[in-house]
Amino acid sequence: MAEPVASTEVEITGGCKSVQELALSSESLSNSYIHDQGGVGFRHALDPSESNIHIPVVDILNLTSPSSSQQELQKLHSALSSWGFFQVINHGMTTLFLDKVREVSKQFFELPKEEKLKCAREPDGIEGYGNDVIFSEKQRLDWTDRVYLKVHPQDQRNFNVWPQKPNDFRSIVLQYTENLRQLNEVILRAMAKSLNLEEDCFLKECGDRDSMFIRFNYYPPCPTPDHVLGLKPHADGSSITFVLQDKEVEGLQVLKDNQWFKVPIIPDALVINVGDQIEIMSNGIFQSPVHRVVTNAEKERLTVAMFCIPDSEKEIKPVEKLVNESRPILYRPVKDYVGIYFQYYQQGKRPIEASKI
Ligand SMILES: O=C(O)CCC(=O)C(=O)O
Ligand SMILES: [Fe+2]
């Protein structure tokens, strides 16, 4: 999720090692990465296919076709109220294009350090190449390096911090952003319809100056995967998040009824999850799920997350039609939710708790 300005930071530029370098070094791992609850079983999660519980797959063609949309809307509604997670297929992007998105990310992380540092995050900035922002000594660090960029609105793109290499990085990211912008609109409309709201209800609630941030996550192999996490348990502060998973290496897990489930790889599908701001707007009908990323000792894993963020000037609150006697209002109105998000996250707390009545 979006990263606010921090007082102290692990800066790759400041002599600290990237996770990619730590993975290759023979030094023993700093305690900051080690979780107290680690040990055998730490990474365990149920495989939905084996447990007969499935993370729903929504077909965009069915969702938008008059003959099948009702059934697909119901599937979407049930996915969002039970899991807060689903995968979409038939979203219009080809295998070739999605492979390109994965490829430019992989090529960037394979560049020599000096080249990657050309777009290193500034000490007081949030965009660029870097690893965890440190808020406190107690904080557990995530086993990941990232490139984080604001890709929308157009006039807020800061190309100075965008990778210059590979050469097609910029054009691929811009095309991907455009595609996900359209898909975001389709999904937000469908979500509203599935709740019998005006189709553009959530789009309006997100405001005219909504934004999008992309995050390229690189998780190197980890020498002690039973003690370290790629990403700590968290829920996203977005309206919704899209994740393009690695094609071969699993790692994403979602918490449901106090049980971790693996999010299976469907190569051309996009994973979508509800973020806290839609949980608030839907008055808790749609769930912003807690999820985490586990590491493994053998293989690197690369993913691309896109966070859709409502206008920070706009007050986010439960939609009136979803508040009634049987479902009283559950959340206070909030503004600039992302502003408070990261500090809570790094302390291992859920920011949505601050907004619950
Ligand atoms: O890398 C993944 O699979 C998930 C990424 C994620 O949850 C995030 O970036 O917030
Ligand atoms: Fe996430």
# chains A, B, ... in the order shown; residues from 1 in each chain; ligands from 1
call {"tool": "closest_atom_pairs", "arguments": {"of": "stretch 209-232 of chain A", "to": "stretch 103-112 of chain A", "cutoff": "10 Å", "atoms": "only C-alpha atoms", "output": "tab-separated table"}}
result
residue	atom	partner	partner_atom	distance
A:Arg215	CA	A:Ser105	CA	9.9
A:Phe216	CA	A:Ser105	CA	6.6
A:Asn217	CA	A:Ser105	CA	8.5
A:Tyr218	CA	A:Phe109	CA	7.4
call {"tool": "residues_around", "arguments": {"residues": "A:Gln277", "least_positions_apart": "3", "cutoff": "6 Å", "atoms": "only C-alpha atoms", "output": "count of residues only"}}
result
3
call {"tool": "residues_near_ligand", "arguments": {"ligand": "ligand 1", "cutoff": "8 Å", "atoms": "only C-alpha atoms and all ligand atoms", "output": "PyMOL selection string"}}
result
chain A and resi 1+215+217+230-231+234-236+241+243-246+250-253+291-293+302-306
call {"tool": "atom_distance", "arguments": {"atom1": "atom CA of A:Cys16", "atom2": "atom CA of A:Gly339"}}
result
26.0 Å
call {"tool": "residues_around", "arguments": {"residues": "A:Phe286", "least_positions_apart": "3", "cutoff": "7 Å", "atoms": "only C-alpha atoms", "output": "MDAnalysis selection string"}}
result
chainID A and resid 80:81 84 279 282
call {"tool": "residues_around", "arguments": {"residues": "stretch 141-157 of chain A", "least_positions_apart": "5", "cutoff": "6 Å", "atoms": "only C-alpha atoms", "output": "list of chain:residue names"}}
result
A:Val19, A:Ser32, A:Tyr33, A:Glu127, A:Gly128, A:Tyr129, A:Gly130, A:Asn131, A:Ser211, A:Met212, A:Phe213, A:Ile214, A:Arg215, A:Phe216, A:Asn217, A:Tyr218, A:Tyr219, A:Leu229, A:Gly230, A:Leu231
call {"tool": "select_by_dssp", "arguments": {"residues": "stretch 159-291 of chain A", "states": "strand (DSSP E)", "output": "PyMOL selection string"}}
result
chain A and resi 211-219+229-234+240-244+252-256+259-262+270-274+291
call {"tool": "write_last_selection", "arguments": {"atoms": "N, CA and C atoms", "output": "short mmCIF file (atom, residue, chain, number, x, y, z; two decimals), in the first residue's frame"}}
result
data_model
loop_
_atom_site.label_atom_id
_atom_site.label_comp_id
_atom_site.auth_asym_id
_atom_site.auth_seq_id
_atom_site.Cartn_x
_atom_site.Cartn_y
_atom_site.Cartn_z
N SER A 211 -6.67 8.04 -7.49
CA SER A 211 -5.31 7.80 -8.00
C SER A 211 -5.02 6.30 -8.08
N MET A 212 -3.93 5.97 -8.74
CA MET A 212 -3.49 4.59 -8.84
C MET A 212 -1.98 4.51 -8.60
N PHE A 213 -1.59 3.55 -7.80
CA PHE A 213 -0.18 3.32 -7.52
C PHE A 213 0.16 1.89 -7.93
N ILE A 214 1.29 1.74 -8.61
CA ILE A 214 1.73 0.39 -8.97
C ILE A 214 2.88 0.00 -8.06
N ARG A 215 2.93 -1.28 -7.68
CA ARG A 215 4.08 -1.73 -6.90
C ARG A 215 4.60 -3.05 -7.47
N PHE A 216 5.84 -3.01 -7.91
CA PHE A 216 6.51 -4.21 -8.39
C PHE A 216 7.18 -4.84 -7.17
N ASN A 217 6.77 -6.04 -6.83
CA ASN A 217 7.33 -6.72 -5.66
C ASN A 217 8.31 -7.79 -6.11
N TYR A 218 9.50 -7.77 -5.53
CA TYR A 218 10.49 -8.81 -5.84
C TYR A 218 10.83 -9.52 -4.53
N TYR A 219 10.47 -10.81 -4.45
CA TYR A 219 10.75 -11.62 -3.25
C TYR A 219 11.85 -12.61 -3.60
N LEU A 229 8.68 -13.49 6.56
CA LEU A 229 7.56 -13.32 5.64
C LEU A 229 7.92 -12.36 4.51
N GLY A 230 7.40 -12.64 3.32
CA GLY A 230 7.55 -11.73 2.19
C GLY A 230 6.78 -10.44 2.48
N LEU A 231 5.58 -10.60 2.97
CA LEU A 231 4.76 -9.47 3.43
C LEU A 231 4.01 -9.92 4.68
N LYS A 232 4.04 -9.10 5.72
CA LYS A 232 3.33 -9.43 6.96
C LYS A 232 1.83 -9.43 6.70
N PRO A 233 1.07 -10.07 7.60
CA PRO A 233 -0.39 -10.01 7.45
C PRO A 233 -0.85 -8.56 7.42
N HIS A 234 -1.68 -8.23 6.45
CA HIS A 234 -2.19 -6.87 6.31
C HIS A 234 -3.46 -6.90 5.47
N ILE A 240 -9.94 -0.94 -4.27
CA ILE A 240 -9.64 -2.32 -4.61
C ILE A 240 -8.18 -2.41 -5.08
N THR A 241 -7.64 -3.63 -5.01
CA THR A 241 -6.26 -3.89 -5.44
C THR A 241 -6.27 -5.01 -6.48
N PHE A 242 -5.46 -4.83 -7.51
CA PHE A 242 -5.25 -5.90 -8.50
C PHE A 242 -3.87 -6.49 -8.27
N VAL A 243 -3.76 -7.81 -8.30
CA VAL A 243 -2.43 -8.43 -8.20
C VAL A 243 -2.21 -9.37 -9.38
N LEU A 244 -1.13 -9.10 -10.10
CA LEU A 244 -0.69 -10.03 -11.14
C LEU A 244 0.32 -10.94 -10.47
N LEU A 252 1.11 -16.03 -2.05
CA LEU A 252 0.04 -15.21 -1.47
C LEU A 252 -0.95 -16.11 -0.73
N GLN A 253 -1.33 -15.67 0.48
CA GLN A 253 -2.29 -16.42 1.29
C GLN A 253 -3.33 -15.46 1.87
N VAL A 254 -4.57 -15.95 2.02
CA VAL A 254 -5.63 -15.10 2.55
C VAL A 254 -6.23 -15.76 3.79
N LEU A 255 -6.54 -14.91 4.77
CA LEU A 255 -7.10 -15.40 6.04
C LEU A 255 -8.62 -15.40 5.95
N LYS A 256 -9.21 -16.57 6.22
CA LYS A 256 -10.68 -16.65 6.24
C LYS A 256 -11.06 -17.54 7.42
N GLN A 259 -8.24 -19.12 9.33
CA GLN A 259 -7.47 -20.16 8.65
C GLN A 259 -6.81 -19.54 7.42
N TRP A 260 -5.51 -19.81 7.21
CA TRP A 260 -4.84 -19.31 6.00
C TRP A 260 -5.14 -20.23 4.82
N PHE A 261 -5.46 -19.62 3.69
CA PHE A 261 -5.66 -20.35 2.43
C PHE A 261 -4.68 -19.85 1.38
N LYS A 262 -4.15 -20.77 0.58
CA LYS A 262 -3.31 -20.35 -0.54
C LYS A 262 -4.17 -19.73 -1.62
N LEU A 270 -6.26 -12.23 -13.05
CA LEU A 270 -5.78 -11.22 -12.11
C LEU A 270 -6.48 -11.48 -10.79
N VAL A 271 -5.73 -11.37 -9.71
CA VAL A 271 -6.34 -11.48 -8.39
C VAL A 271 -6.85 -10.08 -8.03
N ILE A 272 -8.06 -10.03 -7.49
CA ILE A 272 -8.59 -8.73 -7.03
C ILE A 272 -8.99 -8.88 -5.58
N ASN A 273 -8.62 -7.92 -4.76
CA ASN A 273 -9.14 -7.94 -3.40
C ASN A 273 -9.72 -6.59 -3.02
N VAL A 274 -10.71 -6.67 -2.15
CA VAL A 274 -11.33 -5.46 -1.61
C VAL A 274 -10.34 -4.82 -0.65
N HIS A 291 -4.30 -10.59 4.37
CA HIS A 291 -3.52 -11.51 3.54
C HIS A 291 -2.03 -11.33 3.85
#
call {"tool": "closest_residue", "arguments": {"among": "A:Trp162, A:Phe85, A:Cys201, A:Arg209", "to": "ligand 2", "atoms": "only C-alpha atoms and all ligand atoms"}}
result
A:Phe85
call {"tool": "decode", "arguments": {"residues": "stretch 206-232 of chain A", "atoms": "N, CA and C atoms", "output": "CSV table (one decimal), in the first residue's frame"}}
result
chain,number,residue,atom,x,y,z
A,206,CYS,N,-15.6,7.5,-5.0
A,206,CYS,CA,-14.1,7.5,-5.1
A,206,CYS,C,-13.6,8.9,-5.6
A,207,GLY,N,-14.5,9.7,-6.1
A,207,GLY,CA,-14.2,11.1,-6.5
A,207,GLY,C,-13.6,11.2,-7.9
A,208,ASP,N,-13.4,12.4,-8.3
A,208,ASP,CA,-12.8,12.7,-9.7
A,208,ASP,C,-11.3,12.6,-9.6
A,209,ARG,N,-10.7,12.9,-8.5
A,209,ARG,CA,-9.2,12.9,-8.4
A,209,ARG,C,-8.8,11.6,-7.7
A,210,ASP,N,-9.3,10.5,-8.1
A,210,ASP,CA,-8.8,9.2,-7.5
A,210,ASP,C,-7.4,8.9,-8.1
A,211,SER,N,-6.7,8.0,-7.5
A,211,SER,CA,-5.3,7.8,-8.0
A,211,SER,C,-5.0,6.3,-8.1
A,212,MET,N,-3.9,6.0,-8.7
A,212,MET,CA,-3.5,4.6,-8.8
A,212,MET,C,-2.0,4.5,-8.6
A,213,PHE,N,-1.6,3.6,-7.8
A,213,PHE,CA,-0.2,3.3,-7.5
A,213,PHE,C,0.2,1.9,-7.9
A,214,ILE,N,1.3,1.7,-8.6
A,214,ILE,CA,1.7,0.4,-9.0
A,214,ILE,C,2.9,0.0,-8.1
A,215,ARG,N,2.9,-1.3,-7.7
A,215,ARG,CA,4.1,-1.7,-6.9
A,215,ARG,C,4.6,-3.1,-7.5
A,216,PHE,N,5.8,-3.0,-7.9
A,216,PHE,CA,6.5,-4.2,-8.4
A,216,PHE,C,7.2,-4.8,-7.2
A,217,ASN,N,6.8,-6.0,-6.8
A,217,ASN,CA,7.3,-6.7,-5.7
A,217,ASN,C,8.3,-7.8,-6.1
A,218,TYR,N,9.5,-7.8,-5.5
A,218,TYR,CA,10.5,-8.8,-5.8
A,218,TYR,C,10.8,-9.5,-4.5
A,219,TYR,N,10.5,-10.8,-4.4
A,219,TYR,CA,10.7,-11.6,-3.3
A,219,TYR,C,11.9,-12.6,-3.6
A,220,PRO,N,13.1,-12.4,-3.1
A,220,PRO,CA,14.2,-13.3,-3.4
A,220,PRO,C,14.0,-14.6,-2.6
A,221,PRO,N,14.7,-15.7,-3.0
A,221,PRO,CA,14.6,-16.9,-2.2
A,221,PRO,C,15.1,-16.5,-0.8
A,222,CYS,N,14.6,-17.2,0.2
A,222,CYS,CA,14.9,-16.8,1.6
A,222,CYS,C,15.5,-18.0,2.3
A,223,PRO,N,16.7,-17.7,3.0
A,223,PRO,CA,17.4,-18.9,3.6
A,223,PRO,C,16.6,-19.5,4.8
A,224,THR,N,15.7,-18.7,5.4
A,224,THR,CA,15.0,-19.2,6.6
A,224,THR,C,13.5,-18.9,6.4
A,225,PRO,N,12.9,-19.6,5.5
A,225,PRO,CA,11.5,-19.3,5.1
A,225,PRO,C,10.5,-19.6,6.3
A,226,ASP,N,10.9,-20.4,7.2
A,226,ASP,CA,9.9,-20.7,8.3
A,226,ASP,C,9.9,-19.6,9.4
A,227,HIS,N,10.7,-18.6,9.2
A,227,HIS,CA,10.8,-17.5,10.2
A,227,HIS,C,10.6,-16.1,9.6
A,228,VAL,N,10.5,-16.1,8.3
A,228,VAL,CA,10.5,-14.7,7.6
A,228,VAL,C,9.3,-14.7,6.7
A,229,LEU,N,8.7,-13.5,6.6
A,229,LEU,CA,7.6,-13.3,5.6
A,229,LEU,C,7.9,-12.4,4.5
A,230,GLY,N,7.4,-12.6,3.3
A,230,GLY,CA,7.6,-11.7,2.2
A,230,GLY,C,6.8,-10.4,2.5
A,231,LEU,N,5.6,-10.6,3.0
A,231,LEU,CA,4.8,-9.5,3.4
A,231,LEU,C,4.0,-9.9,4.7
A,232,LYS,N,4.0,-9.1,5.7
A,232,LYS,CA,3.3,-9.4,7.0
A,232,LYS,C,1.8,-9.4,6.7
